[in-house]
$ cat input-v6.cif   # mmCIF, C-alpha atoms and all ligand atoms
data_query
loop_
_atom_site.group_PDB
_atom_site.id
_atom_site.type_symbol
_atom_site.label_atom_id
_atom_site.label_comp_id
_atom_site.auth_asym_id
_atom_site.auth_seq_id
_atom_site.Cartn_x
_atom_site.Cartn_y
_atom_site.Cartn_z
ATOM 1 C CA MET A 1 -55.181 11.605 -15.380
ATOM 2 C CA SER A 2 -55.931 7.922 -14.840
ATOM 3 C CA GLU A 3 -53.820 7.120 -17.898
ATOM 4 C CA LEU A 4 -50.934 9.273 -16.663
ATOM 5 C CA HIS A 5 -51.154 7.557 -13.305
ATOM 6 C CA ALA A 6 -51.115 4.122 -14.953
ATOM 7 C CA ALA A 7 -48.035 5.231 -16.896
ATOM 8 C CA LYS A 8 -46.381 6.139 -13.569
ATOM 9 C CA LEU A 9 -46.130 9.826 -14.403
ATOM 10 C CA ASN A 10 -46.383 12.051 -11.326
ATOM 11 C CA ALA A 11 -46.824 15.532 -12.807
ATOM 12 C CA ILE A 12 -48.288 17.371 -15.758
ATOM 13 C CA PHE A 13 -47.434 20.809 -17.136
ATOM 14 C CA VAL A 14 -50.489 22.443 -18.673
ATOM 15 C CA LYS A 15 -50.401 25.581 -20.800
ATOM 16 C CA PHE A 16 -52.807 27.953 -19.087
ATOM 17 C CA SER A 17 -51.578 31.282 -20.437
ATOM 18 C CA THR A 18 -49.430 33.113 -22.948
ATOM 19 C CA GLY A 19 -48.115 36.662 -23.192
ATOM 20 C CA GLY A 20 -51.447 37.663 -24.699
ATOM 21 C CA ALA A 21 -54.183 35.410 -23.330
ATOM 22 C CA ALA A 22 -55.297 33.299 -20.387
ATOM 23 C CA TYR A 23 -57.299 30.095 -20.690
ATOM 24 C CA TYR A 24 -59.049 30.938 -17.447
ATOM 25 C CA PRO A 25 -60.902 33.983 -16.081
ATOM 26 C CA SER A 26 -57.977 36.360 -15.561
ATOM 27 C CA GLN A 27 -57.724 39.886 -14.180
ATOM 28 C CA VAL A 28 -54.419 40.396 -15.992
ATOM 29 C CA LEU A 29 -54.786 38.859 -19.440
ATOM 30 C CA PRO A 30 -57.801 38.730 -21.736
ATOM 31 C CA GLY A 31 -59.588 35.395 -21.915
ATOM 32 C CA SER A 32 -59.031 33.499 -25.107
ATOM 33 C CA TYR A 33 -61.588 31.620 -27.182
ATOM 34 C CA HIS A 34 -60.788 28.610 -25.037
ATOM 35 C CA ALA A 35 -62.412 30.393 -22.122
ATOM 36 C CA GLY A 36 -65.860 29.563 -20.892
ATOM 37 C CA ARG A 37 -65.022 26.712 -18.553
ATOM 38 C CA ASP A 38 -62.701 27.009 -15.603
ATOM 39 C CA GLU A 39 -60.087 24.680 -17.071
ATOM 40 C CA PRO A 40 -57.487 24.950 -14.289
ATOM 41 C CA ALA A 41 -60.081 24.115 -11.631
ATOM 42 C CA LEU A 42 -61.273 21.117 -13.660
ATOM 43 C CA CYS A 43 -57.692 19.996 -14.236
ATOM 44 C CA LEU A 44 -56.793 20.211 -10.550
ATOM 45 C CA ALA A 45 -59.939 18.332 -9.531
ATOM 46 C CA ALA A 46 -59.133 15.584 -12.032
ATOM 47 C CA ALA A 47 -55.490 15.292 -10.961
ATOM 48 C CA ARG A 48 -55.993 15.271 -7.210
ATOM 49 C CA PRO A 49 -57.405 11.715 -6.791
ATOM 50 C CA TYR A 50 -54.335 10.352 -8.574
ATOM 51 C CA GLY A 51 -51.801 12.458 -6.687
ATOM 52 C CA ILE A 52 -50.564 14.014 -9.924
ATOM 53 C CA GLN A 53 -48.901 17.413 -9.569
ATOM 54 C CA VAL A 54 -50.171 20.182 -11.825
ATOM 55 C CA HIS A 55 -47.749 22.877 -12.958
ATOM 56 C CA ALA A 56 -49.122 25.872 -14.831
ATOM 57 C CA TRP A 57 -47.080 26.437 -17.979
ATOM 58 C CA HIS A 58 -46.875 30.036 -19.181
ATOM 59 C CA VAL A 59 -45.582 31.088 -22.611
ATOM 60 C CA CYS A 60 -43.909 34.453 -22.026
ATOM 61 C CA PHE A 61 -44.324 37.394 -24.444
ATOM 62 C CA GLN A 62 -45.839 35.427 -27.354
ATOM 63 C CA MET A 63 -49.312 36.861 -27.972
ATOM 64 C CA LYS A 64 -50.775 33.479 -28.881
ATOM 65 C CA ASP A 65 -54.581 33.478 -28.754
ATOM 66 C CA ALA A 66 -54.690 37.173 -27.802
ATOM 67 C CA PRO A 67 -57.800 38.880 -29.195
ATOM 68 C CA VAL A 68 -57.019 40.762 -32.424
ATOM 69 C CA ASP A 69 -57.822 44.145 -30.877
ATOM 70 C CA ARG A 70 -55.259 43.509 -28.118
ATOM 71 C CA GLN A 71 -52.634 42.568 -30.677
ATOM 72 C CA GLU A 72 -53.392 45.720 -32.654
ATOM 73 C CA ARG A 73 -53.236 47.852 -29.527
ATOM 74 C CA ALA A 74 -49.838 46.451 -28.563
ATOM 75 C CA ILE A 75 -48.571 47.184 -32.083
ATOM 76 C CA ARG A 76 -50.033 50.716 -31.980
ATOM 77 C CA GLU A 77 -48.427 51.377 -28.610
ATOM 78 C CA GLY A 78 -45.018 50.241 -29.888
ATOM 79 C CA ARG A 79 -44.802 47.356 -27.398
ATOM 80 C CA VAL A 80 -44.098 44.560 -29.892
ATOM 81 C CA GLN A 81 -40.845 43.438 -31.453
ATOM 82 C CA LEU A 82 -39.927 44.673 -34.917
ATOM 83 C CA ASN A 83 -37.468 43.311 -37.459
ATOM 84 C CA ARG A 84 -34.903 45.335 -39.400
ATOM 85 C CA SER A 85 -37.417 46.519 -41.959
ATOM 86 C CA GLY A 86 -39.715 47.769 -39.206
ATOM 87 C CA ARG A 87 -42.235 44.981 -39.626
ATOM 88 C CA VAL A 88 -43.834 43.156 -36.718
ATOM 89 C CA ARG A 89 -41.980 39.947 -35.904
ATOM 90 C CA ARG A 90 -44.016 36.781 -35.795
ATOM 91 C CA PRO A 91 -41.439 34.062 -35.095
ATOM 92 C CA SER A 92 -43.659 31.481 -33.388
ATOM 93 C CA TYR A 93 -47.377 30.803 -33.672
ATOM 94 C CA GLY A 94 -47.656 33.593 -36.297
ATOM 95 C CA VAL A 95 -48.421 36.166 -33.612
ATOM 96 C CA PRO A 96 -46.657 39.357 -32.440
ATOM 97 C CA VAL A 97 -44.191 39.078 -29.568
ATOM 98 C CA LEU A 98 -44.172 41.647 -26.786
ATOM 99 C CA CYS A 99 -40.789 43.364 -26.411
ATOM 100 C CA PRO A 100 -39.056 42.617 -23.075
ATOM 101 C CA SER A 101 -37.413 46.072 -23.051
ATOM 102 C CA HIS A 102 -40.784 47.607 -22.132
ATOM 103 C CA ASP A 103 -41.325 47.946 -18.389
ATOM 104 C CA TRP A 104 -45.069 47.538 -18.896
ATOM 105 C CA ASN A 105 -44.651 44.251 -20.779
ATOM 106 C CA ARG A 106 -42.359 42.803 -18.126
ATOM 107 C CA GLN A 107 -44.686 43.920 -15.355
ATOM 108 C CA GLN A 108 -47.553 42.206 -17.111
ATOM 109 C CA GLU A 109 -45.556 38.959 -17.208
ATOM 110 C CA THR A 110 -44.882 39.231 -13.478
ATOM 111 C CA ARG A 111 -48.520 39.994 -12.708
ATOM 112 C CA ALA A 112 -49.718 37.109 -14.897
ATOM 113 C CA MET A 113 -47.400 34.624 -13.176
ATOM 114 C CA THR A 114 -48.366 35.882 -9.735
ATOM 115 C CA GLU A 115 -52.019 35.512 -10.585
ATOM 116 C CA LEU A 116 -51.469 31.949 -11.795
ATOM 117 C CA ALA A 117 -49.619 31.147 -8.583
ATOM 118 C CA THR A 118 -52.292 32.539 -6.296
ATOM 119 C CA ARG A 119 -55.589 31.934 -8.036
ATOM 120 C CA TYR A 120 -55.298 28.150 -8.117
ATOM 121 C CA ALA A 121 -53.659 25.510 -5.935
ATOM 122 C CA PHE A 122 -51.081 24.531 -8.524
ATOM 123 C CA ASP A 123 -47.928 22.739 -7.445
ATOM 124 C CA GLY A 124 -45.823 25.028 -9.575
ATOM 125 C CA VAL A 125 -45.554 27.536 -12.385
ATOM 126 C CA GLN A 126 -43.301 27.056 -15.374
ATOM 127 C CA LEU A 127 -41.745 29.800 -17.483
ATOM 128 C CA ASP A 128 -41.393 29.072 -21.169
ATOM 129 C CA TYR A 129 -40.058 31.365 -23.917
ATOM 130 C CA ILE A 130 -38.488 33.597 -21.289
ATOM 131 C CA ARG A 131 -35.922 34.941 -23.717
ATOM 132 C CA TRP A 132 -35.566 37.042 -26.848
ATOM 133 C CA PRO A 133 -37.114 35.158 -29.741
ATOM 134 C CA GLU A 134 -34.373 35.745 -32.283
ATOM 135 C CA THR A 135 -30.659 36.423 -32.522
ATOM 136 C CA ASP A 136 -31.200 39.574 -34.567
ATOM 137 C CA PRO A 137 -31.848 42.660 -32.421
ATOM 138 C CA CYS A 138 -35.351 43.950 -31.895
ATOM 139 C CA CYS A 139 -35.695 47.194 -33.849
ATOM 140 C CA CYS A 140 -38.539 48.763 -31.882
ATOM 141 C CA ALA A 141 -38.075 52.380 -30.794
ATOM 142 C CA ASN A 142 -38.023 51.446 -27.127
ATOM 143 C CA CYS A 143 -35.045 49.083 -27.507
ATOM 144 C CA LYS A 144 -32.967 51.838 -29.116
ATOM 145 C CA LYS A 145 -33.994 54.363 -26.492
ATOM 146 C CA ARG A 146 -33.538 52.087 -23.496
ATOM 147 C CA PHE A 147 -30.221 50.661 -24.668
ATOM 148 C CA ALA A 148 -28.778 54.163 -25.057
ATOM 149 C CA ARG A 149 -30.174 55.264 -21.707
ATOM 150 C CA ASP A 150 -29.190 52.149 -19.735
ATOM 151 C CA THR A 151 -25.686 51.729 -21.171
ATOM 152 C CA ARG A 152 -24.823 55.338 -22.141
ATOM 153 C CA CYS A 153 -23.581 54.026 -25.489
ATOM 154 C CA ALA A 154 -23.931 56.684 -28.213
ATOM 155 C CA VAL A 155 -25.534 54.580 -30.932
ATOM 156 C CA ARG A 156 -25.407 56.102 -34.373
ATOM 157 C CA SER A 157 -26.696 53.193 -36.425
ATOM 158 C CA TRP A 158 -29.193 50.606 -35.175
ATOM 159 C CA PRO A 159 -28.861 47.696 -35.427
ATOM 160 C CA ALA A 160 -25.401 47.913 -37.137
ATOM 161 C CA ASP A 161 -23.741 49.202 -33.960
ATOM 162 C CA VAL A 162 -25.098 46.387 -31.776
ATOM 163 C CA ILE A 163 -24.829 43.295 -33.982
ATOM 164 C CA LYS A 164 -21.753 41.091 -34.280
ATOM 165 C CA GLY A 165 -18.783 43.247 -35.269
ATOM 166 C CA GLY A 166 -20.580 46.439 -34.250
ATOM 167 C CA ARG A 167 -19.067 48.996 -31.851
ATOM 168 C CA PHE A 168 -21.424 48.121 -29.028
ATOM 169 C CA ALA A 169 -22.055 44.430 -29.730
ATOM 170 C CA ALA A 170 -20.706 43.282 -26.348
ATOM 171 C CA GLN A 171 -22.678 45.905 -24.429
ATOM 172 C CA TYR A 172 -25.818 44.947 -26.311
ATOM 173 C CA GLN A 173 -25.410 41.247 -25.531
ATOM 174 C CA HIS A 174 -24.996 42.068 -21.873
ATOM 175 C CA TRP A 175 -27.907 44.508 -21.857
ATOM 176 C CA ARG A 176 -30.409 42.164 -23.404
ATOM 177 C CA GLU A 177 -29.323 39.285 -21.178
ATOM 178 C CA GLN A 178 -29.710 41.463 -18.085
ATOM 179 C CA ILE A 179 -33.276 42.350 -19.039
ATOM 180 C CA ILE A 180 -34.269 38.682 -19.113
ATOM 181 C CA THR A 181 -32.308 37.754 -15.984
ATOM 182 C CA ARG A 182 -33.910 40.607 -14.051
ATOM 183 C CA LEU A 183 -37.337 39.520 -15.222
ATOM 184 C CA ALA A 184 -36.729 35.943 -14.038
ATOM 185 C CA GLY A 185 -35.689 37.375 -10.675
ATOM 186 C CA ASP A 186 -38.709 39.692 -10.484
ATOM 187 C CA ILE A 187 -41.144 36.884 -11.289
ATOM 188 C CA SER A 188 -39.493 34.552 -8.803
ATOM 189 C CA ALA A 189 -39.601 37.118 -5.994
ATOM 190 C CA ALA A 190 -43.215 38.086 -6.692
ATOM 191 C CA VAL A 191 -44.443 34.495 -6.905
ATOM 192 C CA ARG A 192 -42.592 33.437 -3.767
ATOM 193 C CA GLN A 193 -43.903 36.388 -1.827
ATOM 194 C CA ALA A 194 -47.450 35.640 -2.951
ATOM 195 C CA ARG A 195 -47.228 31.883 -2.387
ATOM 196 C CA PRO A 196 -43.979 30.600 -0.848
ATOM 197 C CA SER A 197 -44.785 26.922 -1.485
ATOM 198 C CA MET A 198 -45.086 27.386 -5.246
ATOM 199 C CA LYS A 199 -42.375 25.625 -7.266
ATOM 200 C CA ILE A 200 -40.950 27.858 -9.995
ATOM 201 C CA SER A 201 -39.351 26.208 -12.978
ATOM 202 C CA GLY A 202 -38.138 27.071 -16.442
ATOM 203 C CA ALA A 203 -38.137 25.300 -19.791
ATOM 204 C CA VAL A 204 -34.776 26.543 -21.040
ATOM 205 C CA TRP A 205 -32.419 26.349 -23.995
ATOM 206 C CA SER A 206 -30.450 23.122 -24.068
ATOM 207 C CA ASP A 207 -27.013 24.769 -24.337
ATOM 208 C CA VAL A 208 -26.673 27.710 -21.970
ATOM 209 C CA ALA A 209 -23.854 29.270 -24.016
ATOM 210 C CA VAL A 210 -26.042 29.297 -27.136
ATOM 211 C CA GLY A 211 -28.998 30.500 -25.093
ATOM 212 C CA ARG A 212 -26.954 33.460 -23.861
ATOM 213 C CA ARG A 213 -25.425 34.324 -27.218
ATOM 214 C CA ASP A 214 -28.513 34.006 -29.391
ATOM 215 C CA TYR A 215 -31.449 34.640 -27.050
ATOM 216 C CA GLY A 216 -30.179 36.510 -23.998
ATOM 217 C CA GLN A 217 -31.148 33.549 -21.827
ATOM 218 C CA ASN A 218 -28.572 32.966 -19.084
ATOM 219 C CA TRP A 219 -30.396 30.246 -17.171
ATOM 220 C CA LYS A 220 -27.252 29.340 -15.260
ATOM 221 C CA ALA A 221 -27.561 32.696 -13.497
ATOM 222 C CA TRP A 222 -31.173 31.850 -12.582
ATOM 223 C CA VAL A 223 -29.940 28.596 -11.059
ATOM 224 C CA ASP A 224 -27.064 30.306 -9.245
ATOM 225 C CA HIS A 225 -29.399 32.995 -7.852
ATOM 226 C CA ARG A 226 -31.986 30.309 -6.966
ATOM 227 C CA TYR A 227 -34.678 32.064 -8.957
ATOM 228 C CA LEU A 228 -35.832 28.579 -9.971
ATOM 229 C CA ASP A 229 -36.746 25.576 -7.820
ATOM 230 C CA PHE A 230 -35.952 23.186 -10.648
ATOM 231 C CA VAL A 231 -34.807 23.553 -14.228
ATOM 232 C CA CYS A 232 -35.853 21.723 -17.410
ATOM 233 C CA PRO A 233 -33.309 22.103 -20.231
ATOM 234 C CA MET A 234 -35.032 21.148 -23.475
ATOM 235 C CA ASN A 235 -32.803 18.290 -24.590
ATOM 236 C CA TYR A 236 -34.894 17.575 -27.660
ATOM 237 C CA VAL A 237 -32.514 15.453 -29.736
ATOM 238 C CA THR A 238 -32.814 11.980 -31.206
ATOM 239 C CA ASP A 239 -29.189 10.834 -31.103
ATOM 240 C CA PRO A 240 -28.473 9.010 -27.810
ATOM 241 C CA ALA A 241 -24.829 10.142 -27.630
ATOM 242 C CA THR A 242 -25.804 13.797 -28.149
ATOM 243 C CA PHE A 243 -28.508 13.456 -25.512
ATOM 244 C CA SER A 244 -26.032 12.118 -22.957
ATOM 245 C CA LYS A 245 -23.370 14.696 -23.765
ATOM 246 C CA ARG A 246 -25.803 17.569 -23.423
ATOM 247 C CA LEU A 247 -27.112 16.201 -20.152
ATOM 248 C CA ALA A 248 -23.556 16.005 -18.801
ATOM 249 C CA ASP A 249 -23.012 19.658 -19.819
ATOM 250 C CA GLN A 250 -26.272 20.670 -18.155
ATOM 251 C CA ARG A 251 -25.365 18.857 -14.943
ATOM 252 C CA ALA A 252 -22.048 20.698 -14.929
ATOM 253 C CA GLN A 253 -23.939 24.018 -15.156
ATOM 254 C CA VAL A 254 -26.467 23.160 -12.453
ATOM 255 C CA ARG A 255 -23.960 21.482 -10.103
ATOM 256 C CA ASN A 256 -26.734 19.984 -7.963
ATOM 257 C CA ARG A 257 -27.823 23.411 -6.772
ATOM 258 C CA ILE A 258 -31.405 22.654 -7.748
ATOM 259 C CA PRO A 259 -33.014 19.543 -9.281
ATOM 260 C CA LEU A 260 -32.492 19.062 -13.008
ATOM 261 C CA TYR A 261 -35.452 17.468 -14.751
ATOM 262 C CA VAL A 262 -34.235 16.974 -18.277
ATOM 263 C CA GLY A 263 -36.651 17.660 -21.135
ATOM 264 C CA ILE A 264 -37.052 14.765 -23.569
ATOM 265 C CA GLY A 265 -38.423 15.556 -27.042
ATOM 266 C CA ALA A 266 -40.820 12.637 -27.255
ATOM 267 C CA TYR A 267 -42.407 14.207 -30.343
ATOM 268 C CA ARG A 268 -39.140 13.704 -32.257
ATOM 269 C CA LEU A 269 -38.597 10.089 -31.308
ATOM 270 C CA GLY A 270 -39.614 7.329 -33.665
ATOM 271 C CA SER A 271 -40.865 4.769 -31.193
ATOM 272 C CA GLY A 272 -41.696 3.962 -27.609
ATOM 273 C CA GLN A 273 -38.476 1.959 -27.443
ATOM 274 C CA GLU A 274 -36.464 5.077 -28.252
ATOM 275 C CA LEU A 275 -38.355 6.926 -25.542
ATOM 276 C CA LEU A 276 -37.520 4.261 -22.962
ATOM 277 C CA GLN A 277 -33.897 4.422 -24.078
ATOM 278 C CA GLN A 278 -33.725 8.192 -23.482
ATOM 279 C CA ILE A 279 -35.377 7.818 -20.091
ATOM 280 C CA SER A 280 -32.739 5.249 -19.248
ATOM 281 C CA LEU A 281 -29.999 7.628 -20.445
ATOM 282 C CA ALA A 282 -31.504 10.404 -18.319
ATOM 283 C CA ARG A 283 -31.339 8.186 -15.230
ATOM 284 C CA ARG A 284 -27.854 6.903 -15.926
ATOM 285 C CA GLY A 285 -26.696 10.442 -16.733
ATOM 286 C CA GLY A 286 -27.682 11.627 -13.268
ATOM 287 C CA ALA A 287 -30.794 13.672 -14.062
ATOM 288 C CA ASP A 288 -33.066 14.148 -11.048
ATOM 289 C CA GLY A 289 -36.054 13.447 -13.266
ATOM 290 C CA TRP A 290 -37.359 13.961 -16.779
ATOM 291 C CA VAL A 291 -40.159 15.827 -18.507
ATOM 292 C CA LEU A 292 -41.666 14.801 -21.827
ATOM 293 C CA PHE A 293 -42.675 17.174 -24.604
ATOM 294 C CA ASN A 294 -45.438 16.917 -25.428
ATOM 295 C CA TYR A 295 -48.714 15.304 -24.513
ATOM 296 C CA ASP A 296 -51.047 15.095 -27.510
ATOM 297 C CA ASP A 297 -53.117 12.415 -29.249
ATOM 298 C CA GLN A 298 -50.091 10.990 -30.993
ATOM 299 C CA PHE A 299 -48.103 10.741 -27.771
ATOM 300 C CA ARG A 300 -51.052 9.180 -26.046
ATOM 301 C CA ALA A 301 -51.440 6.507 -28.739
ATOM 302 C CA ARG A 302 -47.799 5.766 -29.524
ATOM 303 C CA MET A 303 -45.759 6.491 -26.398
ATOM 304 C CA LEU A 304 -47.902 6.336 -23.312
ATOM 305 C CA PRO A 305 -48.481 2.540 -23.408
ATOM 306 C CA TRP A 306 -44.703 1.984 -23.246
ATOM 307 C CA LEU A 307 -44.482 3.846 -19.948
ATOM 308 C CA ARG A 308 -46.849 1.414 -18.289
ATOM 309 C CA GLN A 309 -44.256 -1.326 -18.462
HETATM 310 ZN ZN ZN B 1 -37.749 46.034 -28.706
#
$ encode --input "input-v6.cif" --output "structure tokens" --more "lines below"
Ligand SMILES: [Zn+2]
Amino acid sequence: MSELHAAKLNAIFVKFSTGGAAYYPSQVLPGSYHAGRDEPALCLAAARPYGIQVHAWHVCFQMKDAPVDRQERAIREGRVQLNRSGRVRRPSYGVPVLCPSHDWNRQQETRAMTELATRYAFDGVQLDYIRWPETDPCCCANCKKRFARDTRCAVRSWPADVIKGGRFAAQYQHWREQIITRLAGDISAAVRQARPSMKISGAVWSDVAVGRRDYGQNWKAWVDHRYLDFVCPMNYVTDPATFSKRLADQRAQVRNRIPLYVGIGAYRLGSGQELLQQISLARRGGADGWVLFNYDDQFRARMLPWLRQ
């Protein structure tokens, strides 16, 4: 925290939970192997003397660090996403991903976020991976059942009927986007009711059109509905011109409705000079702030010293 303060950073986003585990004593999610110390309490105590905000970062749906028996139970209960051959999808971290079409899974996400927002005096909570993980439809039984029930489309062949060129492709796109948008709204309402001062933010796909088409993530709607207090599009590119163009597109989507803190992919940049250049582009491009991904030993050694200047 003293190093962050010296580098003139005023906030940190710390991953305290995933869709399958909490790194703190939780009533909602099982504790992971990181448990044992009250990490959020220690983090907040360390940050306070330096006036650094702490935002709790939550990785939605991904069962990272979930105990094996919990992963197996979710698979047994048909609550995880399947690919076309009926196998469990493991797109990130090598772990199963809970399917957003399940009411129980979405409720767990809402309960986990509400717990984070109330158990500790964080400044905010950040939603990450709040989307479908892949373009290809989830082939779990619940998706087929719920799609037919919710849309009244008489599906004969799944996923052929709902993929590009299929009879119900448009309805499917809309359906899966609605599920995620409703979840963002549910989490926002629950967190605000539990703790009105809590800032809710999202780490979102850089291009909202691609996010909607490929991952059912319409973050513009979350901005328009004010589900978020600020938004962090992940502008993780190395080319300065692409960075600036994307930022301009993002500003056009947000239209100053809420602050836009642009995500900079520090891990992809070759030097501290490149990092300073992107920060400068973020400022000149009209971003309200910027967030760096991510803090690790390499960042600390190679990038952090440049921010002290
Ligand atoms: Zn599914």
$ residues_near_point --input "input-v6.cif" --point "(-20.4, 29.5, -15.4)" --cutoff "10 Å" --atoms "only C-alpha atoms" --output "ChimeraX atom specification"
/A:208-209,218,220-221,224,252-254
$ residues_near_ligand --input "input-v6.cif" --ligand "ligand ZN 1 (chain B)" --cutoff "9 Å" --atoms "only C-alpha atoms and all ligand atoms" --output "ChimeraX atom specification"
/A:78-82,98-102,137-144
$ write_last_selection --input "input-v6.cif" --atoms "C-alpha atoms" --output "tab-separated table (two decimals), in the coordinates of the input"
chain	number	residue	atom	x	y	z
A	78	GLY	CA	-45.02	50.24	-29.89
A	79	ARG	CA	-44.80	47.36	-27.40
A	80	VAL	CA	-44.10	44.56	-29.89
A	81	GLN	CA	-40.84	43.44	-31.45
A	82	LEU	CA	-39.93	44.67	-34.92
A	98	LEU	CA	-44.17	41.65	-26.79
A	99	CYS	CA	-40.79	43.36	-26.41
A	100	PRO	CA	-39.06	42.62	-23.08
A	101	SER	CA	-37.41	46.07	-23.05
A	102	HIS	CA	-40.78	47.61	-22.13
A	137	PRO	CA	-31.85	42.66	-32.42
A	138	CYS	CA	-35.35	43.95	-31.90
A	139	CYS	CA	-35.70	47.19	-33.85
A	140	CYS	CA	-38.54	48.76	-31.88
A	141	ALA	CA	-38.08	52.38	-30.79
A	142	ASN	CA	-38.02	51.45	-27.13
A	143	CYS	CA	-35.04	49.08	-27.51
A	144	LYS	CA	-32.97	51.84	-29.12
$ closest_residue --input "input-v6.cif" --among "A:Val191, A:Ala6, A:Ala248, A:Ala11" --to "Pro305 of chain A" --atoms "all atoms listed in the file"
A:Ala6
$ residues_around --input "input-v6.cif" --residues "Leu4 of chain A" --least-positions-apart "3" --cutoff "10 Å" --atoms "all atoms listed in the file" --output "NGL selection string"
:A and (1 or 7-12 or 47 or 50 or 52 or 300 or 304-305 or 307-308)
$ closest_residue --input "input-v6.cif" --among "A:Arg106, A:Lys245, A:Arg283, A:Arg176" --to "Leu260 of chain A" --atoms "only C-alpha atoms"
A:Arg283
$ residues_around --input "input-v6.cif" --residues "segment 111-115 of chain A" --least-positions-apart "3" --cutoff "7 Å" --atoms "all atoms listed in the file" --output "list in words"
Val28, Gln107, Gln108, Thr118, Arg119, Ile187, Ala190, Val191 and Ala194 of chain A
$ write_last_selection --input "input-v6.cif" --atoms "C-alpha atoms" --output "tab-separated table (two decimals), in the coordinates of the input"
chain	number	residue	atom	x	y	z
A	28	VAL	CA	-54.42	40.40	-15.99
A	107	GLN	CA	-44.69	43.92	-15.36
A	108	GLN	CA	-47.55	42.21	-17.11
A	118	THR	CA	-52.29	32.54	-6.30
A	119	ARG	CA	-55.59	31.93	-8.04
A	187	ILE	CA	-41.14	36.88	-11.29
A	190	ALA	CA	-43.22	38.09	-6.69
A	191	VAL	CA	-44.44	34.49	-6.90
A	194	ALA	CA	-47.45	35.64	-2.95
$ resolve_selection --input "input-v6.cif" --expression "the PyMOL selection byres (((chain A and resi 26) around 10) and not hetatm)" --output "number ranges by chain"
A: 17, 21-25, 27-31, 35, 112, 115-116, 119
$ residues_around --input "input-v6.cif" --residues "Phe293 of chain A" --least-positions-apart "2" --cutoff "7 Å" --atoms "all atoms listed in the file" --output "PyMOL selection string"
chain A and resi 263-267+291+295
$ residues_around --input "input-v6.cif" --residues "Cys60 of chain A" --least-positions-apart "3" --cutoff "9 Å" --atoms "only C-alpha atoms" --output "list in words"
Ser17, Thr18, Gly19, Gly20, Met63, Val97, Leu98, Glu109, Leu127, Asp128, Tyr129, Ile130 and Arg131 of chain A
$ resolve_selection --input "input-v6.cif" --expression "the PyMOL selection byres (((chain A and resi 154-167) around 10) and not hetatm)" --output "list in words"
Asn83, Arg84, Thr135, Asp136, Pro137, Cys138, Cys139, Cys143, Lys144, Lys145, Phe147, Ala148, Arg149, Thr151, Arg152, Cys153, Phe168, Ala169, Ala170, Gln171, Tyr172 and Gln173 of chain A
$ closest_residue --input "input-v6.cif" --among "A:Phe61, A:Phe230, A:Phe122, A:Tyr215" --to "Ala41 of chain A" --atoms "all atoms listed in the file"
A:Phe122
$ closest_residue --input "input-v6.cif" --among "A:Val54, A:Ile75, A:Leu247, A:Ala121" --to "Val14 of chain A" --atoms "all atoms listed in the file"
A:Val54
$ residues_around --input "input-v6.cif" --residues "Gly270 of chain A" --least-positions-apart "5" --cutoff "12 Å" --atoms "all atoms listed in the file" --output "number ranges by chain"
A: 237-239, 265, 275-278, 298-299, 302-303
$ closest_residue --input "input-v6.cif" --among "A:Thr110, A:Ser206, A:Gln217, A:Gln178" --to "Asp249 of chain A" --atoms "all atoms listed in the file"
A:Ser206
$ closest_residue --input "input-v6.cif" --among "A:Trp222, A:Gly51, A:Arg70, A:Trp290" --to "Gly185 of chain A" --atoms "all atoms listed in the file"
A:Trp222
$ resolve_selection --input "input-v6.cif" --expression "the PyMOL selection byres (((chain A and resi 258) around 8) and not hetatm)" --output "ChimeraX atom specification"
/A:223,226,228-231,254-257,259-260
$ axis_aligned_box --input "input-v6.cif" --around "segment 73-84 of chain A" --padding-each-side "5 Å" --output "AutoDock Vina command-line options"
--center_x -44.1 --center_y 47.3 --center_z -33.4 --size_x 28.3 --size_y 18.1 --size_z 22.0
